[in-house]
Structure formats: structure tokens, C-alpha cells
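Visitor: Quick one, work11.cif (mmCIF, C-alpha atoms and all ligand atoms):
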```cif
data_run
#
loop_
_atom_site.label_atom_id
_atom_site.label_comp_id
_atom_site.auth_asym_id
_atom_site.auth_seq_id
_atom_site.Cartn_x
_atom_site.Cartn_y
_atom_site.Cartn_z
CA MET U 101 29.62 -87.41 47.80
CA HIS U 102 27.62 -90.42 46.63
CA THR U 103 24.18 -91.89 47.17
CA ARG U 104 23.72 -95.29 48.75
CA ASP U 105 24.31 -98.14 46.34
CA LEU U 106 20.80 -98.71 45.03
CA SER U 107 21.93 -100.46 41.86
CA ASP U 108 19.94 -103.62 42.65
CA HIS U 109 16.92 -101.56 43.49
CA ALA U 110 13.75 -101.89 41.42
CA THR U 111 12.47 -98.66 39.93
CA TYR U 112 8.94 -97.36 40.23
CA GLU U 113 7.51 -96.69 36.82
CA ALA U 114 4.37 -94.81 37.79
CA GLY U 115 3.73 -91.54 36.03
CA ARG U 116 6.27 -92.13 33.33
CA GLY U 117 3.74 -93.07 30.73
CA ILE U 118 2.21 -90.68 28.39
CA GLU U 119 4.46 -87.60 28.18
CA GLU U 120 7.50 -89.70 27.50
CA VAL U 121 5.76 -91.79 24.85
CA ALA U 122 4.21 -88.71 23.20
CA ARG U 123 7.58 -86.96 23.08
CA LYS U 124 9.25 -90.04 21.63
CA LEU U 125 6.62 -90.33 18.91
CA GLY U 126 6.40 -86.56 18.32
CA ARG U 127 2.68 -86.50 19.12
CA ASP U 128 0.38 -84.62 21.43
CA PRO U 129 -0.29 -86.42 24.76
CA GLY U 130 -4.03 -85.74 24.28
CA GLU U 131 -4.13 -88.07 21.27
CA PHE U 132 -3.49 -91.16 23.38
CA VAL U 133 -5.73 -93.48 25.32
CA THR U 134 -3.74 -94.12 28.50
CA LEU U 135 -4.52 -97.43 30.14
CA SER U 136 -1.20 -98.18 31.82
CA SER U 137 -1.48 -97.06 35.46
CA ASN U 138 -4.85 -98.36 36.69
CA GLU U 139 -6.22 -94.86 37.19
CA ASN U 140 -9.95 -94.11 37.26
CA PRO U 141 -10.99 -93.21 33.69
CA HIS U 142 -14.06 -91.38 35.01
CA GLY U 143 -11.99 -88.79 36.83
CA PRO U 144 -12.43 -87.62 40.41
CA SER U 145 -15.78 -87.18 42.08
CA PRO U 146 -17.19 -83.70 41.23
CA ALA U 147 -17.60 -83.16 44.98
CA ALA U 148 -13.85 -83.72 45.44
CA VAL U 149 -13.09 -81.22 42.68
CA GLU U 150 -15.30 -78.67 44.42
CA ALA U 151 -13.51 -79.30 47.74
CA ILE U 152 -10.15 -78.74 46.03
CA ARG U 153 -11.38 -75.42 44.62
CA GLU U 154 -12.64 -74.33 48.01
CA THR U 155 -9.32 -75.14 49.67
CA ALA U 156 -7.12 -73.57 47.00
CA GLY U 157 -7.08 -70.11 48.56
CA GLU U 158 -5.87 -71.43 51.91
CA VAL U 159 -2.76 -73.30 50.91
CA ASN U 160 -0.53 -70.62 52.39
CA ASP U 161 -1.46 -72.12 55.75
CA TYR U 162 -0.19 -75.40 57.13
CA PRO U 163 -2.86 -78.12 57.17
CA LYS U 164 -5.46 -77.59 59.88
CA ALA U 165 -8.09 -80.09 60.85
CA ALA U 166 -8.89 -82.08 57.73
CA HIS U 167 -6.29 -84.74 58.46
CA ALA U 168 -7.97 -85.61 61.77
CA ASP U 169 -11.43 -85.26 60.20
CA LEU U 170 -10.55 -87.66 57.41
CA ARG U 171 -9.05 -90.23 59.78
CA GLU U 172 -12.24 -90.01 61.80
CA ALA U 173 -14.46 -90.36 58.72
CA ILE U 174 -12.51 -93.39 57.51
CA GLY U 175 -12.55 -94.87 61.02
CA ASP U 176 -16.35 -94.39 61.16
CA ARG U 177 -16.83 -95.94 57.78
CA ARG U 178 -14.63 -98.90 58.62
CA GLY U 179 -15.67 -99.39 62.22
CA VAL U 180 -12.25 -98.74 63.75
CA ASP U 181 -10.79 -96.09 66.04
CA PRO U 182 -9.39 -93.12 64.03
CA ARG U 183 -5.98 -93.83 65.58
CA GLN U 184 -5.98 -97.11 63.68
CA VAL U 185 -6.10 -95.18 60.39
CA TRP U 186 -2.54 -94.42 59.34
CA LEU U 187 -3.18 -91.78 56.70
CA ALA U 188 -0.32 -91.29 54.26
CA ASN U 189 0.92 -89.94 50.96
CA GLY U 190 -0.81 -92.66 48.94
CA GLY U 191 -0.70 -96.38 49.58
CA ASP U 192 3.02 -96.07 48.89
CA GLY U 193 3.37 -93.70 51.83
CA ALA U 194 1.44 -96.13 54.03
CA ILE U 195 3.83 -98.93 53.01
CA ASP U 196 6.70 -96.68 54.07
CA TYR U 197 5.12 -96.03 57.46
CA LEU U 198 4.78 -99.77 58.03
CA SER U 199 8.44 -100.25 57.07
CA ARG U 200 9.45 -97.50 59.49
CA ALA U 201 7.37 -98.94 62.28
CA PHE U 202 8.41 -102.57 61.92
CA LEU U 203 11.71 -103.08 60.13
CA GLU U 204 15.06 -103.22 61.86
CA PRO U 205 18.17 -103.30 59.66
CA GLY U 206 18.62 -106.80 58.24
CA ASP U 207 15.02 -107.91 58.81
CA ASP U 208 13.58 -109.98 55.97
CA VAL U 209 10.42 -109.12 54.08
CA LEU U 210 8.46 -111.60 51.94
CA VAL U 211 6.81 -110.25 48.78
CA PRO U 212 4.93 -111.79 45.83
CA ASP U 213 6.62 -112.51 42.51
CA PRO U 214 5.28 -111.15 40.26
CA GLY U 215 4.15 -108.25 42.39
CA PHE U 216 3.98 -104.56 43.13
CA ALA U 217 7.54 -103.17 43.12
CA TYR U 218 7.22 -100.72 45.98
CA TYR U 219 7.01 -103.42 48.70
CA GLY U 220 10.59 -104.39 47.95
CA MET U 221 11.75 -100.83 47.37
CA SER U 222 10.42 -99.55 50.67
CA SER U 223 11.83 -102.56 52.52
CA ARG U 224 15.29 -101.94 51.08
CA PHE U 225 15.10 -98.20 51.81
CA HIS U 226 14.61 -99.25 55.41
CA HIS U 227 17.58 -101.61 55.28
CA GLY U 228 15.49 -104.77 55.08
CA ASP U 229 16.23 -107.77 52.86
CA VAL U 230 13.65 -108.99 50.40
CA ARG U 231 12.62 -112.57 49.62
CA GLU U 232 9.93 -113.58 47.17
CA TYR U 233 7.18 -116.20 47.04
CA ALA U 234 6.22 -117.28 43.54
CA LEU U 235 2.68 -117.01 42.20
CA SER U 236 2.32 -119.48 39.37
CA LYS U 237 1.15 -118.23 36.02
CA GLY U 238 0.04 -121.75 35.11
CA GLU U 239 -2.27 -121.72 38.12
CA GLY U 240 -3.74 -118.33 37.31
CA PHE U 241 -1.57 -116.61 39.95
CA ALA U 242 -3.73 -118.35 42.56
CA GLN U 243 -3.04 -117.17 46.10
CA ASP U 244 -3.38 -119.43 49.09
CA ALA U 245 -1.70 -120.15 52.41
CA GLU U 246 0.34 -123.04 51.05
CA THR U 247 1.99 -120.90 48.38
CA VAL U 248 3.10 -118.32 50.93
CA LEU U 249 3.95 -120.63 53.82
CA GLY U 250 5.98 -122.90 51.51
CA THR U 251 8.48 -120.05 51.16
CA TYR U 252 8.00 -118.28 54.51
CA ASP U 253 11.04 -118.38 56.74
CA GLY U 254 10.44 -116.12 59.70
CA GLU U 255 10.20 -112.84 57.76
CA ARG U 256 9.17 -109.75 59.71
CA ILE U 257 6.61 -108.57 57.12
CA VAL U 258 4.69 -110.61 54.54
CA TYR U 259 2.87 -108.74 51.75
CA LEU U 260 -0.31 -110.15 50.21
CA THR U 261 -2.08 -108.27 47.41
CA SER U 262 -5.79 -108.75 46.91
CA PRO U 263 -6.68 -108.08 44.14
CA HIS U 264 -3.17 -108.80 42.98
CA ASN U 265 -1.27 -106.46 40.67
CA PRO U 266 -0.69 -107.38 37.83
CA SER U 267 -2.95 -110.46 37.58
CA GLY U 268 -6.15 -109.45 39.39
CA SER U 269 -6.27 -112.67 41.46
CA THR U 270 -7.47 -112.52 45.07
CA ILE U 271 -6.76 -114.39 48.29
CA PRO U 272 -9.69 -115.73 50.35
CA LEU U 273 -9.85 -114.50 53.96
CA PRO U 274 -9.53 -117.99 55.53
CA GLU U 275 -6.20 -118.33 53.69
CA VAL U 276 -5.01 -114.99 55.10
CA GLU U 277 -6.06 -116.11 58.55
CA THR U 278 -4.14 -119.37 58.19
CA ILE U 279 -1.05 -117.44 57.15
CA ALA U 280 -1.37 -115.08 60.12
CA GLU U 281 -1.87 -118.00 62.53
CA ARG U 282 1.03 -120.02 61.22
CA THR U 283 3.54 -117.16 60.97
CA GLY U 284 2.92 -116.09 64.56
CA GLU U 285 2.78 -112.70 66.24
CA GLU U 286 6.25 -111.48 65.27
CA THR U 287 5.36 -111.43 61.57
CA LEU U 288 3.15 -108.67 60.25
CA ILE U 289 0.81 -109.71 57.43
CA VAL U 290 0.01 -106.72 55.23
CA VAL U 291 -3.00 -107.24 52.99
CA ASP U 292 -2.80 -104.66 50.21
CA GLU U 293 -6.34 -103.90 49.06
CA ALA U 294 -5.48 -100.96 46.79
CA TYR U 295 -8.00 -102.44 44.33
CA GLY U 296 -10.34 -103.75 47.02
CA GLU U 297 -13.41 -101.77 45.92
CA PHE U 298 -13.41 -103.53 42.55
CA ALA U 299 -13.63 -107.01 44.10
CA ASP U 300 -16.91 -108.06 45.60
CA ARG U 301 -15.24 -109.52 48.70
CA GLU U 302 -15.00 -108.90 52.39
CA SER U 303 -11.97 -106.85 53.46
CA ALA U 304 -9.22 -108.44 55.53
CA LEU U 305 -10.10 -105.72 58.03
CA ALA U 306 -12.47 -108.38 59.41
CA LEU U 307 -9.36 -110.18 60.71
CA ILE U 308 -7.81 -107.26 62.56
CA GLU U 309 -9.95 -107.30 65.66
CA GLY U 310 -8.26 -109.24 68.44
CA ARG U 311 -5.04 -109.62 66.43
CA GLU U 312 -1.80 -107.66 66.47
CA ASP U 313 -0.27 -109.00 63.28
CA VAL U 314 -2.51 -108.03 60.35
CA ALA U 315 -2.74 -104.65 58.62
CA VAL U 316 -4.77 -103.61 55.57
CA LEU U 317 -3.76 -101.08 52.92
CA ARG U 318 -6.24 -98.91 51.06
CA THR U 319 -5.95 -96.00 48.66
CA PHE U 320 -7.93 -93.12 47.17
CA SER U 321 -5.96 -93.53 43.91
CA LYS U 322 -8.09 -96.14 42.20
CA ALA U 323 -11.86 -96.39 42.71
CA TYR U 324 -11.95 -92.87 44.22
CA GLY U 325 -10.09 -91.36 41.27
CA LEU U 326 -7.66 -89.24 43.32
CA ALA U 327 -4.30 -90.71 42.28
CA GLY U 328 -2.78 -87.28 41.71
CA LEU U 329 -3.57 -86.11 45.23
CA ARG U 330 -1.60 -88.95 46.87
CA LEU U 331 -3.89 -90.20 49.58
CA GLY U 332 -3.89 -93.68 51.07
CA TYR U 333 -3.86 -95.38 54.44
CA ALA U 334 -3.10 -98.46 56.45
CA LEU U 335 -5.67 -99.85 58.89
CA VAL U 336 -3.73 -101.24 61.81
CA PRO U 337 -4.56 -103.22 64.95
CA ALA U 338 -5.58 -101.20 67.98
CA ALA U 339 -2.50 -102.39 69.89
CA TRP U 340 -0.11 -100.21 67.95
CA ALA U 341 -2.35 -97.40 66.79
CA ASP U 342 -0.30 -94.88 68.77
CA ALA U 343 2.90 -95.67 66.90
CA TYR U 344 1.58 -93.49 64.04
CA ALA U 345 2.69 -90.33 65.81
CA ARG U 346 6.24 -91.71 65.91
CA VAL U 347 6.51 -92.76 62.27
CA ASN U 348 4.47 -90.32 60.22
CA THR U 349 5.86 -87.41 58.27
CA PRO U 350 4.71 -84.10 59.74
CA PHE U 351 1.49 -83.27 57.87
CA ALA U 352 1.27 -86.74 56.30
CA ALA U 353 -1.24 -85.52 53.70
CA SER U 354 -2.05 -82.01 52.49
CA GLU U 355 -5.17 -80.08 53.52
CA VAL U 356 -6.30 -80.06 49.88
CA ALA U 357 -5.94 -83.84 49.63
CA CYS U 358 -7.74 -84.46 52.91
CA ARG U 359 -10.68 -82.21 52.09
CA ALA U 360 -11.00 -83.82 48.68
CA GLY U 361 -10.76 -87.23 50.34
CA LEU U 362 -13.58 -86.34 52.73
CA ALA U 363 -15.80 -85.28 49.83
CA ALA U 364 -14.87 -88.34 47.77
CA LEU U 365 -15.65 -90.66 50.67
CA ASP U 366 -19.20 -89.31 50.75
CA ASP U 367 -19.72 -89.64 47.01
CA THR U 368 -20.54 -93.34 47.14
CA GLU U 369 -22.33 -93.08 43.79
CA HIS U 370 -19.16 -92.09 41.99
CA VAL U 371 -17.34 -95.10 43.45
CA ALA U 372 -20.22 -97.44 42.62
CA ARG U 373 -20.29 -96.18 39.02
CA SER U 374 -16.52 -96.63 38.70
CA VAL U 375 -16.70 -100.17 40.06
CA GLU U 376 -19.58 -101.07 37.73
CA SER U 377 -17.80 -99.64 34.74
CA ALA U 378 -14.61 -101.58 35.54
CA ALA U 379 -16.60 -104.83 35.77
CA ALA U 380 -18.14 -104.17 32.35
CA ALA U 381 -14.72 -103.41 30.85
CA ARG U 382 -13.22 -106.59 32.34
CA ALA U 383 -16.02 -108.62 30.78
CA ALA U 384 -15.44 -106.93 27.41
CA PHE U 385 -11.70 -107.71 27.52
CA GLU U 386 -12.38 -111.31 28.49
CA GLU U 387 -14.97 -111.81 25.77
CA ARG U 388 -13.46 -109.92 22.89
CA VAL U 389 -9.66 -109.93 23.13
CA GLU U 390 -8.25 -112.62 20.87
CA ALA U 391 -5.60 -113.75 23.34
CA PRO U 392 -5.64 -115.32 26.82
CA VAL U 393 -7.00 -112.89 29.43
CA TRP U 394 -6.70 -113.75 33.14
CA GLU U 395 -9.81 -113.50 35.23
CA SER U 396 -9.39 -110.30 37.23
CA GLU U 397 -11.13 -108.68 40.18
CA GLY U 398 -9.25 -105.38 39.78
CA ASN U 399 -9.72 -102.45 37.38
CA PHE U 400 -7.29 -103.99 34.91
CA VAL U 401 -6.61 -107.24 33.09
CA LEU U 402 -3.45 -109.19 32.35
CA ILE U 403 -3.21 -110.49 28.80
CA GLU U 404 -0.74 -112.90 27.23
CA VAL U 405 0.40 -111.45 23.92
CA GLY U 406 3.73 -113.10 23.04
CA ASP U 407 6.34 -110.34 22.88
CA ALA U 408 4.98 -107.77 25.34
CA THR U 409 7.54 -105.09 24.52
CA ALA U 410 6.87 -105.29 20.79
CA VAL U 411 3.10 -105.29 21.26
CA THR U 412 3.28 -102.38 23.73
CA GLU U 413 5.35 -100.31 21.30
CA THR U 414 3.07 -101.07 18.35
CA LEU U 415 0.03 -100.15 20.44
CA GLN U 416 1.71 -96.87 21.39
CA LYS U 417 2.12 -96.00 17.72
CA ARG U 418 -1.59 -96.71 17.33
CA GLY U 419 -2.34 -94.33 20.20
CA VAL U 420 -2.99 -96.77 23.05
CA ILE U 421 -0.68 -96.90 26.07
CA VAL U 422 -0.64 -100.13 28.07
CA ARG U 423 1.72 -101.63 30.62
CA ASP U 424 4.48 -103.92 29.36
CA CYS U 425 4.77 -106.52 32.13
CA SER U 426 8.42 -107.35 31.40
CA SER U 427 9.27 -105.35 34.52
CA PHE U 428 7.08 -107.75 36.51
CA GLY U 429 9.10 -110.66 35.10
CA LEU U 430 6.32 -111.43 32.60
CA PRO U 431 7.83 -110.47 29.21
CA GLU U 432 4.96 -112.18 27.39
CA CYS U 433 2.18 -110.20 29.10
CA ILE U 434 0.66 -106.74 29.03
CA ARG U 435 -1.67 -105.19 31.61
CA ILE U 436 -4.50 -102.96 30.43
CA THR U 437 -6.52 -100.70 32.72
CA CYS U 438 -10.30 -100.74 32.42
CA GLY U 439 -11.17 -97.52 30.57
CA THR U 440 -14.42 -95.78 29.73
CA ASP U 441 -16.55 -97.82 27.30
CA GLU U 442 -15.01 -95.94 24.36
CA GLU U 443 -11.45 -96.34 25.63
CA THR U 444 -11.93 -100.04 26.31
CA ASP U 445 -13.47 -100.58 22.85
CA ARG U 446 -10.59 -98.75 21.23
CA ALA U 447 -7.99 -100.74 23.20
CA ILE U 448 -9.63 -104.05 22.27
CA GLU U 449 -9.85 -103.11 18.58
CA GLU U 450 -6.26 -101.93 18.37
CA LEU U 451 -4.92 -104.89 20.34
CA ASN U 452 -6.80 -107.40 18.19
CA ALA U 453 -5.47 -105.67 15.06
CA VAL U 454 -1.89 -105.81 16.38
CA LEU U 455 -2.27 -109.48 17.37
CA ALA U 456 -3.69 -110.33 13.93
CA GLU U 457 -0.79 -108.54 12.20
CA ARG U 458 1.74 -110.49 14.26
CA SER U 459 0.21 -113.93 13.80
N1 LIG I 501 -0.63 -101.29 45.94
C1 LIG I 501 -0.76 -101.73 44.69
C2 LIG I 501 -0.98 -103.19 44.47
C3 LIG I 501 -0.67 -100.85 43.62
O1 LIG I 501 -0.79 -101.31 42.38
C4 LIG I 501 -0.47 -99.48 43.88
C5 LIG I 501 -0.32 -98.45 42.77
N2 LIG I 501 -0.43 -98.80 41.53
C6 LIG I 501 -0.34 -99.07 45.20
C7 LIG I 501 -0.43 -100.00 46.21
C8 LIG I 501 -0.06 -97.67 45.60
O2 LIG I 501 -0.92 -96.76 45.07
P1 LIG I 501 -0.97 -95.27 45.64
O3 LIG I 501 0.38 -94.97 46.24
O4 LIG I 501 -1.28 -94.45 44.46
O5 LIG I 501 -2.03 -95.28 46.67
#
```
Since I need it in another form, could you write the structure as C-alpha cells?
Ligand code: PMP
Guide:
Amino acid sequence: MHTRDLSDHATYEAGRGIEEVARKLGRDPGEFVTLSSNENPHGPSPAAVEAIRETAGEVNDYPKAAHADLREAIGDRRGVDPRQVWLANGGDGAIDYLSRAFLEPGDDVLVPDPGFAYYGMSSRFHHGDVREYALSKGEGFAQDAETVLGTYDGERIVYLTSPHNPSGSTIPLPEVETIAERTGEETLIVVDEAYGEFADRESALALIEGREDVAVLRTFSKAYGLAGLRLGYALVPAAWADAYARVNTPFAASEVACRAGLAALDDTEHVARSVESAAAARAAFEERVEAPVWESEGNFVLIEVGDATAVTETLQKRGVIVRDCSSFGLPECIRITCGTDEETDRAIEELNAVLAERS
């Protein structure tokens, strides 16, 4: 018995951070400031925590109505039919549903380089082939139609990320529209807005009406602070809303997750506070880090530090966990999540000390 040959497959590094590092260094995980996975440092909304408590005693039952209620609430909020909300086990799950719905074996998928690993992973799981368009570091990872269309060659799905992970750059809506127009109706343009709340920009959802070839990804993992619950969704054109029933996993999200999601959706203050805090942290990184910091519209910043692996390891010893971007093909960069004021201050101090030691 053997698994499929996945030797060329990227690996997903989420959730591998702190326990592993703490064990390696023989320290308690609580001693570290963890700024490696773009989580919300302010925790979940208290209303979501209350909803989780209230649901806890019912988890012997299969999910009841909250899945439909949440799709309806999101649909209301976004101005689309609930059937256009493909609720899933995180944004990752939504990516999988899109792969299931659209990819035939051997179809090509176009993804950004550098970029979020799961686009390629999901495509390969579904027997698709992956091609990459390059975002140029020298141009600040700028995203526009020309960059994508210069590489596009009839792929079935094209992924755009706005704000982009790991750089924080965004793509203006007219550029997305040009890409959708020029690639035609047989190519699905997926605009991943996992970090959309942190950018003060209109969602690509504005392009969906009247089109059949644009979808938008959103998640509760970032601004909503519910990464551990695994809740995300794709917003899809009305034309194929009904395909959800054919591609989703039975009970696509748990009752606990959906009830917490409903509560979190209503707690707009918590989201606003989280977004404000991320903006302040970004400004602090940009002003005070003594190394080049890319302008970001996400809840993280990309920083050029020389040897990213060495700097990441030294920071770990000093109690700060950041993301070494070698796995993104950027061995000279680290990515740091916007923390609370104290966490951000600590990260900046420690990073500046490490950079000074190395210079
Ligand atoms: N898209 C991007 C660009 C991401 O960075 C992430 C997670 N880090 C996701 C999607 C998926 O997040 P989740 O599955 O937690 O919703």
C-alpha cells in the first residue's frame, strides 16, 4: 500500500509554530510572542466565545440550522443570495470546494509566486497542474493585469490575492476586471480576500454581478479571530450557486463554528478594533524597524533581513516567533504578524537588536 506520489507537493506550515519551537528550545510555549500565522492577537469576539459555550452541550447532535442561518447572515451582509455563499472549513476548505467544482484532471491553474501555498496544493490534490506568475520584489510585489496576463495561457483557474500573502500588496478592481474580461468565461478568477477587512478597499464582490467567472474568498480566521474554528467561504456567481450541494462535505462547518460565526459577524466593534490595531502596528513596523519593510494592507508586514532563517532562529531564542519566508522563495525575508501594542513593540525591539548584532 502506498500514498500517491506527493513528493513535489508543497507543505502547509500552519499551526506548526510555537509548540515545536518551545520543545526544541526547552521552554514553555507561554513565554513566546507568536507572530507567525497572521492570527488576531486580540482573540475572538467575546460574543463568539459565549456562543461556543452555549453550543457546547449540544455537540452530541449533528449540526442543525446554524449552517443555513450563517449563510443567510453572510448573504444579507454581502447583498447576495445565501446559495452564493459556499461556507467551508476555513478559506482552505473553500479553495477545495472551488477545485472540486471546476478542475478536471490535467487542467492548469495559475497562482502567484510568491504566494499562498494551498492554491497549488489543492489544485494538485484535484489532479490539476500548477503554473505560476511572478510578482516582482523590486516592484513591491505590485499586482496588475499585465503581470498576470503576461503569463496566462488558458488556465482554468487564476488565483489573485488581495491583500497578498506574504507581501501585503493589493490589486485594484479595474485590474481584476481586465483580467476577467481578457481570460474569458472558461477561466475562473478567484480573488482571495482572506485579509480583506484590513485593507480599506472595495471587495471584488462588486464584480460578481452579471458575471460567471469571478469568485471571492473570505475567512473568519483573521479579522474575526476565529482561526481555530475553521470557518471561511467563497462568494460565487448566482449562475452556479446550486453546485454547492454537489461539492460540499456533509456538514461543511460544525454547529459550534457556525454559531460562533453568527455572533462574530454581529460584533462589528471587535472587527473594527482589530483592523485599527493592525493599522497602528503596520505603521510602527514601517517607522521603527531598521530594515526595509514593504507597505502592507494586511495584518502583517514583510521585512528584508538578509538571512531569514538565521534571523528567525535568533528571534526564537529571544522569545519572538516570526515567519521565515524561505518557503515562499524569499530566503532574505521574514513576515511578522501585527500583534497587540506590547507584542509589536517587543518584536520591533528584538528584531532591531538582532539586526544590529548581525551588522
Ligand atoms: N488565503 C490566504 C492568503 C491565507 O494567508 C490564508 C491563511 N493563512 C488562507 C487563505 C486560509 O485561511 P483559513 O483556511 O484559516 O481561512
Visitor: Determine the nearest neighbour of ligand LIG 501 (chain I) from the options U:Ala188, U:Ala391, U:Val276, U:Ile436, counting all atoms listed in the file.
Guide: U:Ala188
Visitor: Counting only C-alpha atoms and all ligand atoms, what residues are within 9 Å of ligand LIG 501 (chain I), given as JSON, numbers by chain?
Guide: {"U": [114, 137, 138, 139, 188, 189, 190, 191, 192, 193, 194, 195, 215, 216, 217, 218, 219, 261, 262, 263, 264, 265, 266, 292, 293, 294, 295, 317, 318, 319, 320, 321, 322, 326, 327, 328, 329, 330, 331, 332, 333]}
Visitor: Using all atoms listed in the file, which residue out of U:Thr111, U:Thr247, U:Ser377, U:Thr270 lies closest to Thr444 (chain U)?
Guide: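 For Thr444 (chain U), the nearest of the given residues is U:Ser377.
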Visitor: Take CA of Ala357 (chain U) and CA of Val422 (chain U) and report the distance between them in Å, one decimal.
Guide: 27.5 Å
Visitor: Please determine the residues with any atom at most 6 Å from (9.0, -114.0, 61.3) (coordinates as given in the file, with all atoms listed in the file counting) and report them as a PDB file with C-alpha atoms, in the coordinates of the input.
Guide:
```
ATOM      1  CA  GLY U 254      10.440-116.120  59.700  1.00  0.00           C
ATOM      2  CA  GLU U 255      10.200-112.840  57.760  1.00  0.00           C
ATOM      3  CA  ARG U 256       9.170-109.750  59.710  1.00  0.00           C
ATOM      4  CA  GLU U 286       6.250-111.480  65.270  1.00  0.00           C
ATOM      5  CA  THR U 287       5.360-111.430  61.570  1.00  0.00           C
TER       6      THR U 287
END
```
Visitor: Using Å and a single decimal, report how far CA of Ile174 (chain U) sits from CA of Glu158 (chain U).
Guide: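 Separating CA of Glu158 (chain U) from CA of Ile174 (chain U) is a distance of 23.6 Å.
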Visitor: Tell me which residues come within 8 Å of (-1.0, -97.0, 59.5), as a PDB file with C-alpha atoms, in the coordinates of the input, counting all atoms listed in the file in the file's coordinates.
Guide:
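Contents of out03.pdb, as written:
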```
ATOM      1  CA  GLN U 184      -5.980 -97.110  63.680  1.00  0.00           C
ATOM      2  CA  VAL U 185      -6.100 -95.180  60.390  1.00  0.00           C
ATOM      3  CA  TRP U 186      -2.540 -94.420  59.340  1.00  0.00           C
ATOM      4  CA  LEU U 187      -3.180 -91.780  56.700  1.00  0.00           C
ATOM      5  CA  ALA U 188      -0.320 -91.290  54.260  1.00  0.00           C
ATOM      6  CA  ALA U 194       1.440 -96.130  54.030  1.00  0.00           C
ATOM      7  CA  TYR U 197       5.120 -96.030  57.460  1.00  0.00           C
ATOM      8  CA  LEU U 198       4.780 -99.770  58.030  1.00  0.00           C
ATOM      9  CA  ALA U 315      -2.740-104.650  58.620  1.00  0.00           C
ATOM     10  CA  TYR U 333      -3.860 -95.380  54.440  1.00  0.00           C
ATOM     11  CA  ALA U 334      -3.100 -98.460  56.450  1.00  0.00           C
ATOM     12  CA  LEU U 335      -5.670 -99.850  58.890  1.00  0.00           C
ATOM     13  CA  VAL U 336      -3.730-101.240  61.810  1.00  0.00           C
ATOM     14  CA  ALA U 341      -2.350 -97.400  66.790  1.00  0.00           C
ATOM     15  CA  TYR U 344       1.580 -93.490  64.040  1.00  0.00           C
TER      16      TYR U 344
END
```
Visitor: So that I can see what lies close to region 430-434 of chain U, please list as a PyMOL selection string the residues with an atom at most 12 Å from it, counting all atoms listed in the file and leaving out residues fewer than 6 positions away in the same chain.
Guide: chain U and resi 135-137+213-215+235-237+241+265-267+391-394+400-413+415+421-424+451
Visitor: Measuring between all atoms listed in the file, which one of U:Ala151, U:Ala168, U:Ala110, U:Cys438 shows the shortest distance to Ala352 (chain U)?
Guide: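 Looking at the shortest contact to Ala352 (chain U), the residue is U:Ala168.
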Visitor: Using all atoms listed in the file, which residue out of U:Tyr162, U:Tyr324, U:Phe298, U:Phe225 lies closest to Ser145 (chain U)?
Guide: U:Tyr324
